[in-house]
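Heads up, the thing below is written out as structure tokens.
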Amino acid sequence: METWSVDQVCKWLVEKNLGELVPRFQEEEVSGAALLALNDRMVQQLVKKIGHQAVLMDFIKKYKQGNQELKPTGGPTETSTLTLALAAPEHEQNPGPTSHGDQTSLYPAVLDNRLIDQRVLKQRRNVKHVLARHKALEWTKSYILPEFPYDVKCMLVEQKRPDHSMRIRIIEFLQADMTKYLEGSLYPTTQQYNDVVNALLQAHPFLDEDGCGFFLWKRALKDRFKYIRRPIEDDEQVMRNKCKFGHRRGQTRKSLADIQSNEIKIVQIKEESAHLDSEVDEHISWFQREYMKTERDWREVDKRMSQTLEIRRKMIGSQTPLKDILKMFPFLKCPYQMFREVQILTKTDIYKKTRHILESYSENILTAFSVLDNPINTALQEKMKHYTDEGVLKSPEVLKNMKMTATCLLLPHVFGDEPSLFVVVNGKVHVSTPVLEVKNPFHVNGCEFSLYLNKEKLTKVDDCVTALAALVSAFRVFGIECPRRLSQTFNFLETLIFDMQSPQFPSLKEKEIRSQPPIT
């Protein structure tokens, strides 16, 4: 193959159903030797479509390994279609002593091999989507970064901050590598994007600039795939998704004025997007600086948290790691900001509703048969007797707070759920989901409440009402699914707090309606 001319390479392209690449190969004078010398970067510049890039790179790789079709392995039945197709024109141009019967015996072999190749191609098309799915599932379990070019390697070894052009090169190589592993598919899943970016940042932590690297690299990689898909009009998967998401199939060719108008709109959108990105980065930097101060401008915090609500909800919805979310928006650790976020999302004052629940249901829960002999209830009665003897319980507010604290701790016991998933009393937290930690629960001055997330203390609060409201808010704000062994307790709380309909627990509005006398 190294001795092939440009014309022979073009004939091979036609045999491989890559005939539309012939003008480009003729223009660049790609001979057999030049074809084998192409690297990934050259193929990307030479060929526009991702599928054709994958075919060429795969062929070059297999040829270099000695497993390509062009190398004959034995008898005439194993001879490739390309070898026979190239042999026929040479035989016609240079007639020799070979008889006419020999020529006619050659062409049936060509036709038979072409029929075999067509059948093989049909079989490959039938199982292509199955193989692609299997390859994608296998890849997502353990993704390995591609081998970057020399200049990128030097930059990574020296741990220099990449400039704009270097970022583009890294993203281009990651996108090409993902497409190769996905068998030419241009629609990676969210989890696959997360795997690639996590692999990049784990191998080169210095690329995680200011703790926002995950989000920025993932967004750049997704934009690269969008840029690759935009001009494609002959790929079945791309066209199917374009039709699904609002693109018109079979639309007529646009006029020059329409094209120029669209280009202007695209430039405007890019400028607005760049402006929006810079604004978000400025907000994140301000949050991180302001959070470190002892005296904070809470009015400005509220304003900026409202301005970044949409991008924050998109990040949480796309399963961005909570560690990165809290690094970019540290004020979500404050109970007040969690309550405010819940109020924006659900139009509900969660603190007010939680306090009303504890006050309304404390007597019923403390006298429930299932918790009469519970150690928490026993400890409450002993502390109440001790403080009564010492005259501490003269204030009704102190007694009320103690009863609400006991009610909060006993909720999972009443509904038969797992208490350790809800609250840990004088112990160590062992679960990753949001959970409360309580120390000295019935001590008048020494009671401590803390909210934990991913086994780390998120915030410390003053009383049981704030603690319970923060626990429910954490599940709602960070989009965390409630554990199955805690479902009954949270069904009770969310039904009453968010006025949801449930046959077991009527909401506060329903209770008010039922308590009203009938109209006569």
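In the structure tokens, chains take letters A, B, ... by order of appearance, with residues numbered from 1 within each chain and ligands from 1 in the order shown.
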
**Asked** What residues in range 292-404 of chain A get the DSSP label alpha helix (DSSP H)? Please answer as number ranges by chain.
**Response** A: 298-307, 309-317, 322-328, 335-346, 350-366, 375-390, 396-404

How would the residues just picked look written out with C-alpha atoms as a PDB file, in the first residue's frame?
```pdb
ATOM      1  CA  TRP A 298     -26.717  39.913  53.462  1.00  0.00           C
ATOM      2  CA  ARG A 299     -28.764  42.177  51.230  1.00  0.00           C
ATOM      3  CA  GLU A 300     -26.203  41.818  48.448  1.00  0.00           C
ATOM      4  CA  VAL A 301     -25.987  38.068  49.127  1.00  0.00           C
ATOM      5  CA  ASP A 302     -29.761  37.717  48.624  1.00  0.00           C
ATOM      6  CA  LYS A 303     -29.599  39.745  45.421  1.00  0.00           C
ATOM      7  CA  ARG A 304     -26.757  37.733  43.884  1.00  0.00           C
ATOM      8  CA  MET A 305     -28.239  34.380  44.960  1.00  0.00           C
ATOM      9  CA  SER A 306     -31.452  35.324  43.145  1.00  0.00           C
ATOM     10  CA  GLN A 307     -29.505  36.318  40.013  1.00  0.00           C
ATOM     11  CA  LEU A 309     -30.661  30.803  40.794  1.00  0.00           C
ATOM     12  CA  GLU A 310     -31.243  29.532  37.241  1.00  0.00           C
ATOM     13  CA  ILE A 311     -27.658  28.441  36.578  1.00  0.00           C
ATOM     14  CA  ARG A 312     -27.470  26.907  40.071  1.00  0.00           C
ATOM     15  CA  ARG A 313     -30.615  24.819  39.512  1.00  0.00           C
ATOM     16  CA  LYS A 314     -29.280  23.643  36.131  1.00  0.00           C
ATOM     17  CA  MET A 315     -26.029  22.524  37.727  1.00  0.00           C
ATOM     18  CA  ILE A 316     -27.830  20.649  40.499  1.00  0.00           C
ATOM     19  CA  GLY A 317     -30.192  19.099  37.936  1.00  0.00           C
ATOM     20  CA  LEU A 322     -22.317  18.723  45.714  1.00  0.00           C
ATOM     21  CA  LYS A 323     -18.769  19.522  46.784  1.00  0.00           C
ATOM     22  CA  ASP A 324     -18.368  21.731  43.709  1.00  0.00           C
ATOM     23  CA  ILE A 325     -21.809  23.300  44.193  1.00  0.00           C
ATOM     24  CA  LEU A 326     -21.000  24.283  47.777  1.00  0.00           C
ATOM     25  CA  LYS A 327     -17.581  25.577  46.723  1.00  0.00           C
ATOM     26  CA  MET A 328     -19.111  27.902  44.138  1.00  0.00           C
ATOM     27  CA  PRO A 335     -30.005  27.664  56.880  1.00  0.00           C
ATOM     28  CA  TYR A 336     -31.511  31.045  56.022  1.00  0.00           C
ATOM     29  CA  GLN A 337     -30.373  30.760  52.379  1.00  0.00           C
ATOM     30  CA  MET A 338     -31.698  27.194  52.127  1.00  0.00           C
ATOM     31  CA  PHE A 339     -35.067  28.383  53.484  1.00  0.00           C
ATOM     32  CA  ARG A 340     -35.047  31.259  50.994  1.00  0.00           C
ATOM     33  CA  GLU A 341     -34.273  28.904  48.084  1.00  0.00           C
ATOM     34  CA  VAL A 342     -37.135  26.623  49.106  1.00  0.00           C
ATOM     35  CA  GLN A 343     -39.457  29.612  49.334  1.00  0.00           C
ATOM     36  CA  ILE A 344     -38.510  30.713  45.794  1.00  0.00           C
ATOM     37  CA  LEU A 345     -39.011  27.193  44.421  1.00  0.00           C
ATOM     38  CA  THR A 346     -42.198  26.230  46.287  1.00  0.00           C
ATOM     39  CA  ILE A 350     -40.662  26.230  55.493  1.00  0.00           C
ATOM     40  CA  TYR A 351     -39.520  27.493  58.912  1.00  0.00           C
ATOM     41  CA  LYS A 352     -43.012  28.741  59.808  1.00  0.00           C
ATOM     42  CA  LYS A 353     -44.662  25.499  58.647  1.00  0.00           C
ATOM     43  CA  THR A 354     -42.139  23.327  60.528  1.00  0.00           C
ATOM     44  CA  ARG A 355     -42.664  25.222  63.776  1.00  0.00           C
ATOM     45  CA  HIS A 356     -46.433  24.873  63.405  1.00  0.00           C
ATOM     46  CA  ILE A 357     -46.089  21.089  62.894  1.00  0.00           C
ATOM     47  CA  LEU A 358     -43.957  20.575  66.013  1.00  0.00           C
ATOM     48  CA  GLU A 359     -46.244  22.706  68.131  1.00  0.00           C
ATOM     49  CA  SER A 360     -49.423  21.036  66.845  1.00  0.00           C
ATOM     50  CA  TYR A 361     -48.319  17.408  66.987  1.00  0.00           C
ATOM     51  CA  SER A 362     -46.002  17.348  70.030  1.00  0.00           C
ATOM     52  CA  GLU A 363     -48.646  16.238  72.539  1.00  0.00           C
ATOM     53  CA  ASN A 364     -50.018  13.500  70.250  1.00  0.00           C
ATOM     54  CA  ILE A 365     -46.566  12.118  69.441  1.00  0.00           C
ATOM     55  CA  LEU A 366     -45.268  12.193  73.041  1.00  0.00           C
ATOM     56  CA  PRO A 375     -35.425   6.064  75.963  1.00  0.00           C
ATOM     57  CA  ILE A 376     -35.851   9.565  74.481  1.00  0.00           C
ATOM     58  CA  ASN A 377     -39.268   9.956  76.084  1.00  0.00           C
ATOM     59  CA  THR A 378     -37.936   8.561  79.370  1.00  0.00           C
ATOM     60  CA  ALA A 379     -35.005  11.007  79.318  1.00  0.00           C
ATOM     61  CA  LEU A 380     -37.437  13.876  78.657  1.00  0.00           C
ATOM     62  CA  GLN A 381     -39.598  12.974  81.667  1.00  0.00           C
ATOM     63  CA  GLU A 382     -36.544  12.677  83.939  1.00  0.00           C
ATOM     64  CA  LYS A 383     -35.152  16.052  82.809  1.00  0.00           C
ATOM     65  CA  MET A 384     -38.538  17.715  83.228  1.00  0.00           C
ATOM     66  CA  LYS A 385     -38.816  16.360  86.778  1.00  0.00           C
ATOM     67  CA  HIS A 386     -35.237  17.429  87.575  1.00  0.00           C
ATOM     68  CA  TYR A 387     -35.718  20.963  86.250  1.00  0.00           C
ATOM     69  CA  THR A 388     -39.113  21.261  88.002  1.00  0.00           C
ATOM     70  CA  ASP A 389     -37.501  20.425  91.353  1.00  0.00           C
ATOM     71  CA  GLU A 390     -34.814  23.050  90.729  1.00  0.00           C
ATOM     72  CA  PRO A 396     -43.420  27.849  79.710  1.00  0.00           C
ATOM     73  CA  GLU A 397     -41.177  28.535  76.685  1.00  0.00           C
ATOM     74  CA  VAL A 398     -38.438  26.256  78.071  1.00  0.00           C
ATOM     75  CA  LEU A 399     -40.896  23.372  78.559  1.00  0.00           C
ATOM     76  CA  LYS A 400     -42.319  23.951  75.089  1.00  0.00           C
ATOM     77  CA  ASN A 401     -38.854  23.813  73.476  1.00  0.00           C
ATOM     78  CA  MET A 402     -38.009  20.596  75.302  1.00  0.00           C
ATOM     79  CA  LYS A 403     -41.222  18.943  74.098  1.00  0.00           C
ATOM     80  CA  MET A 404     -40.648  20.072  70.495  1.00  0.00           C
TER      81      MET A 404
END
```

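Between CA of Val472 in chain A and CA of Gln488 in chain A there is a distance of 13.4 Å.
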
**Prompt:** Could you pull out all residues of range 272-483 of chain A with a DSSP call of strand (DSSP E) and give them as an MDAnalysis selection string?
**Reply:** chainID A and resid 423:425 435:439 448:453 456:461

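Reported to one decimal place, the separation of CA of Lys64 in chain A from CA of Ala33 in chain A is 11.9 Å.
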
So that I can check the surroundings of Pro188 in chain A, please list as a PDB file with N, CA, C and O atoms, in the first residue's frame every protein, DNA and RNA residue that reaches within 10 Å of it, counting only C-alpha atoms and ignoring chain neighbours fewer than 5 positions away.
```
ATOM      1  N   ALA A 136     -20.125   1.730  24.985  1.00  0.00           N
ATOM      2  CA  ALA A 136     -20.342   2.883  25.862  1.00  0.00           C
ATOM      3  C   ALA A 136     -20.460   2.451  27.307  1.00  0.00           C
ATOM      4  O   ALA A 136     -19.881   3.059  28.205  1.00  0.00           O
ATOM      5  N   GLN A 175     -13.017  15.225  22.818  1.00  0.00           N
ATOM      6  CA  GLN A 175     -14.215  14.973  22.015  1.00  0.00           C
ATOM      7  C   GLN A 175     -13.961  13.883  20.972  1.00  0.00           C
ATOM      8  O   GLN A 175     -14.792  12.976  20.788  1.00  0.00           O
ATOM      9  N   MET A 178     -13.794  10.497  22.783  1.00  0.00           N
ATOM     10  CA  MET A 178     -15.120  10.027  23.181  1.00  0.00           C
ATOM     11  C   MET A 178     -15.889   9.488  21.980  1.00  0.00           C
ATOM     12  O   MET A 178     -16.546   8.441  22.063  1.00  0.00           O
ATOM     13  N   THR A 179     -15.824  10.194  20.846  1.00  0.00           N
ATOM     14  CA  THR A 179     -16.527   9.748  19.645  1.00  0.00           C
ATOM     15  C   THR A 179     -15.997   8.407  19.162  1.00  0.00           C
ATOM     16  O   THR A 179     -16.766   7.547  18.721  1.00  0.00           O
ATOM     17  N   LEU A 182     -17.374   5.730  21.387  1.00  0.00           N
ATOM     18  CA  LEU A 182     -18.817   5.577  21.229  1.00  0.00           C
ATOM     19  C   LEU A 182     -19.197   5.153  19.814  1.00  0.00           C
ATOM     20  O   LEU A 182     -20.352   5.306  19.415  1.00  0.00           O
ATOM     21  N   TYR A 193     -20.096  12.388  30.213  1.00  0.00           N
ATOM     22  CA  TYR A 193     -19.434  13.688  30.352  1.00  0.00           C
ATOM     23  C   TYR A 193     -18.762  13.792  31.721  1.00  0.00           C
ATOM     24  O   TYR A 193     -17.602  14.222  31.838  1.00  0.00           O
ATOM     25  N   LYS A 222     -19.327  19.841  26.195  1.00  0.00           N
ATOM     26  CA  LYS A 222     -20.670  19.749  25.614  1.00  0.00           C
ATOM     27  C   LYS A 222     -20.830  20.725  24.443  1.00  0.00           C
ATOM     28  O   LYS A 222     -21.440  20.400  23.417  1.00  0.00           O
ATOM     29  N   PHE A 225     -19.277  19.257  21.266  1.00  0.00           N
ATOM     30  CA  PHE A 225     -20.136  18.289  20.590  1.00  0.00           C
ATOM     31  C   PHE A 225     -21.261  18.992  19.834  1.00  0.00           C
ATOM     32  O   PHE A 225     -21.634  18.588  18.736  1.00  0.00           O
TER      33      PHE A 225
END
```

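You will find CA of Val197 in chain A at 8.8 Å from CA of Phe215 in chain A.
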
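Shortest separation to Trp286 in chain A among A:Tyr187, A:Arg484, A:Pro330, A:Tyr63 occurs at residue A:Pro330, atoms counted being only C-alpha atoms.
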
**Asked** Residues at most 12 Å from Gly446 in chain A, counting only C-alpha atoms, excluding those fewer than 5 positions away in the same chain, as an NGL selection string?
**Response** :A and (438-441 or 462-463)

Selected residues, N, CA, C and O atoms, written as a PDB file, in the first residue's frame, please.
```pdb
ATOM      1  N   VAL A 438     -27.442  15.642  67.184  1.00  0.00           N
ATOM      2  CA  VAL A 438     -27.909  16.349  68.378  1.00  0.00           C
ATOM      3  C   VAL A 438     -27.054  15.919  69.563  1.00  0.00           C
ATOM      4  O   VAL A 438     -26.863  14.721  69.797  1.00  0.00           O
ATOM      5  N   LYS A 439     -26.553  16.889  70.292  1.00  0.00           N
ATOM      6  CA  LYS A 439     -25.782  16.635  71.516  1.00  0.00           C
ATOM      7  C   LYS A 439     -26.506  17.282  72.700  1.00  0.00           C
ATOM      8  O   LYS A 439     -26.984  18.411  72.589  1.00  0.00           O
ATOM      9  N   ASN A 440     -26.605  16.529  73.809  1.00  0.00           N
ATOM     10  CA  ASN A 440     -27.284  17.001  75.025  1.00  0.00           C
ATOM     11  C   ASN A 440     -28.682  17.538  74.696  1.00  0.00           C
ATOM     12  O   ASN A 440     -28.979  18.723  74.887  1.00  0.00           O
ATOM     13  N   PRO A 441     -29.573  16.678  74.181  1.00  0.00           N
ATOM     14  CA  PRO A 441     -30.838  17.181  73.616  1.00  0.00           C
ATOM     15  C   PRO A 441     -31.729  17.935  74.596  1.00  0.00           C
ATOM     16  O   PRO A 441     -32.457  18.837  74.182  1.00  0.00           O
ATOM     17  N   ASP A 462     -29.390  26.632  65.999  1.00  0.00           N
ATOM     18  CA  ASP A 462     -29.645  26.983  67.395  1.00  0.00           C
ATOM     19  C   ASP A 462     -30.721  26.140  68.060  1.00  0.00           C
ATOM     20  O   ASP A 462     -30.677  25.920  69.270  1.00  0.00           O
ATOM     21  N   ASP A 463     -31.735  25.692  67.307  1.00  0.00           N
ATOM     22  CA  ASP A 463     -32.872  25.024  67.941  1.00  0.00           C
ATOM     23  C   ASP A 463     -33.386  23.918  67.043  1.00  0.00           C
ATOM     24  O   ASP A 463     -32.968  23.779  65.881  1.00  0.00           O
TER      25      ASP A 463
END
```

Identify, on the basis of only C-alpha atoms, every residue whose closest approach to range 415-422 of chain A does not exceed 8 Å; exclude the query and any residue fewer than 5 positions from it along the same chain; express the result as a JSON list (two decimals) with N, CA and C atoms, in the first residue's frame.
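Dumped everything to selection34.json:
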```json
[["chain", "number", "residue", "atom", "x", "y", "z"],
["A", 431, "VAL", "N", -23.89, 8.08, 57.63],
["A", 431, "VAL", "CA", -24.61, 8.05, 56.34],
["A", 431, "VAL", "C", -24.24, 9.29, 55.53],
["A", 433, "THR", "N", -26.42, 10.75, 53.22],
["A", 433, "THR", "CA", -27.57, 11.62, 53.01],
["A", 433, "THR", "C", -27.68, 12.63, 54.14],
["A", 434, "PRO", "N", -28.42, 13.73, 53.95],
["A", 434, "PRO", "CA", -28.57, 14.71, 55.03],
["A", 434, "PRO", "C", -29.12, 14.08, 56.30],
["A", 435, "VAL", "N", -28.53, 14.41, 57.43],
["A", 435, "VAL", "CA", -28.94, 13.85, 58.72],
["A", 435, "VAL", "C", -28.61, 14.86, 59.81],
["A", 436, "LEU", "N", -29.38, 14.83, 60.91],
["A", 436, "LEU", "CA", -29.16, 15.73, 62.03],
["A", 436, "LEU", "C", -28.28, 15.07, 63.08],
["A", 483, "PRO", "N", -34.08, 8.42, 51.50],
["A", 483, "PRO", "CA", -33.89, 6.97, 51.66],
["A", 483, "PRO", "C", -35.22, 6.25, 51.84],
["A", 485, "ARG", "N", -35.98, 3.79, 53.71],
["A", 485, "ARG", "CA", -36.30, 3.46, 55.11],
["A", 485, "ARG", "C", -36.64, 4.71, 55.93],
["A", 486, "LEU", "N", -36.80, 5.85, 55.24],
["A", 486, "LEU", "CA", -37.21, 7.08, 55.91],
["A", 486, "LEU", "C", -38.42, 7.70, 55.21],
["A", 487, "SER", "N", -39.04, 6.92, 54.31],
["A", 487, "SER", "CA", -40.06, 7.48, 53.44],
["A", 487, "SER", "C", -41.32, 7.89, 54.20],
["A", 488, "GLN", "N", -41.74, 7.12, 55.21],
["A", 488, "GLN", "CA", -42.97, 7.45, 55.93],
["A", 488, "GLN", "C", -42.84, 8.77, 56.69],
["A", 489, "THR", "N", -41.69, 8.96, 57.33],
["A", 489, "THR", "CA", -41.48, 10.20, 58.08],
["A", 489, "THR", "C", -41.49, 11.41, 57.14]]
```

**Item:** Close residues, Asn198 in chain A itself excluded, 12 Å, only C-alpha atoms, min 2 positions apart in chain, as a ChimeraX atom specification
**Value:** /A:140,142-145,191-196,200-205,207-208,213-218,320-321,324
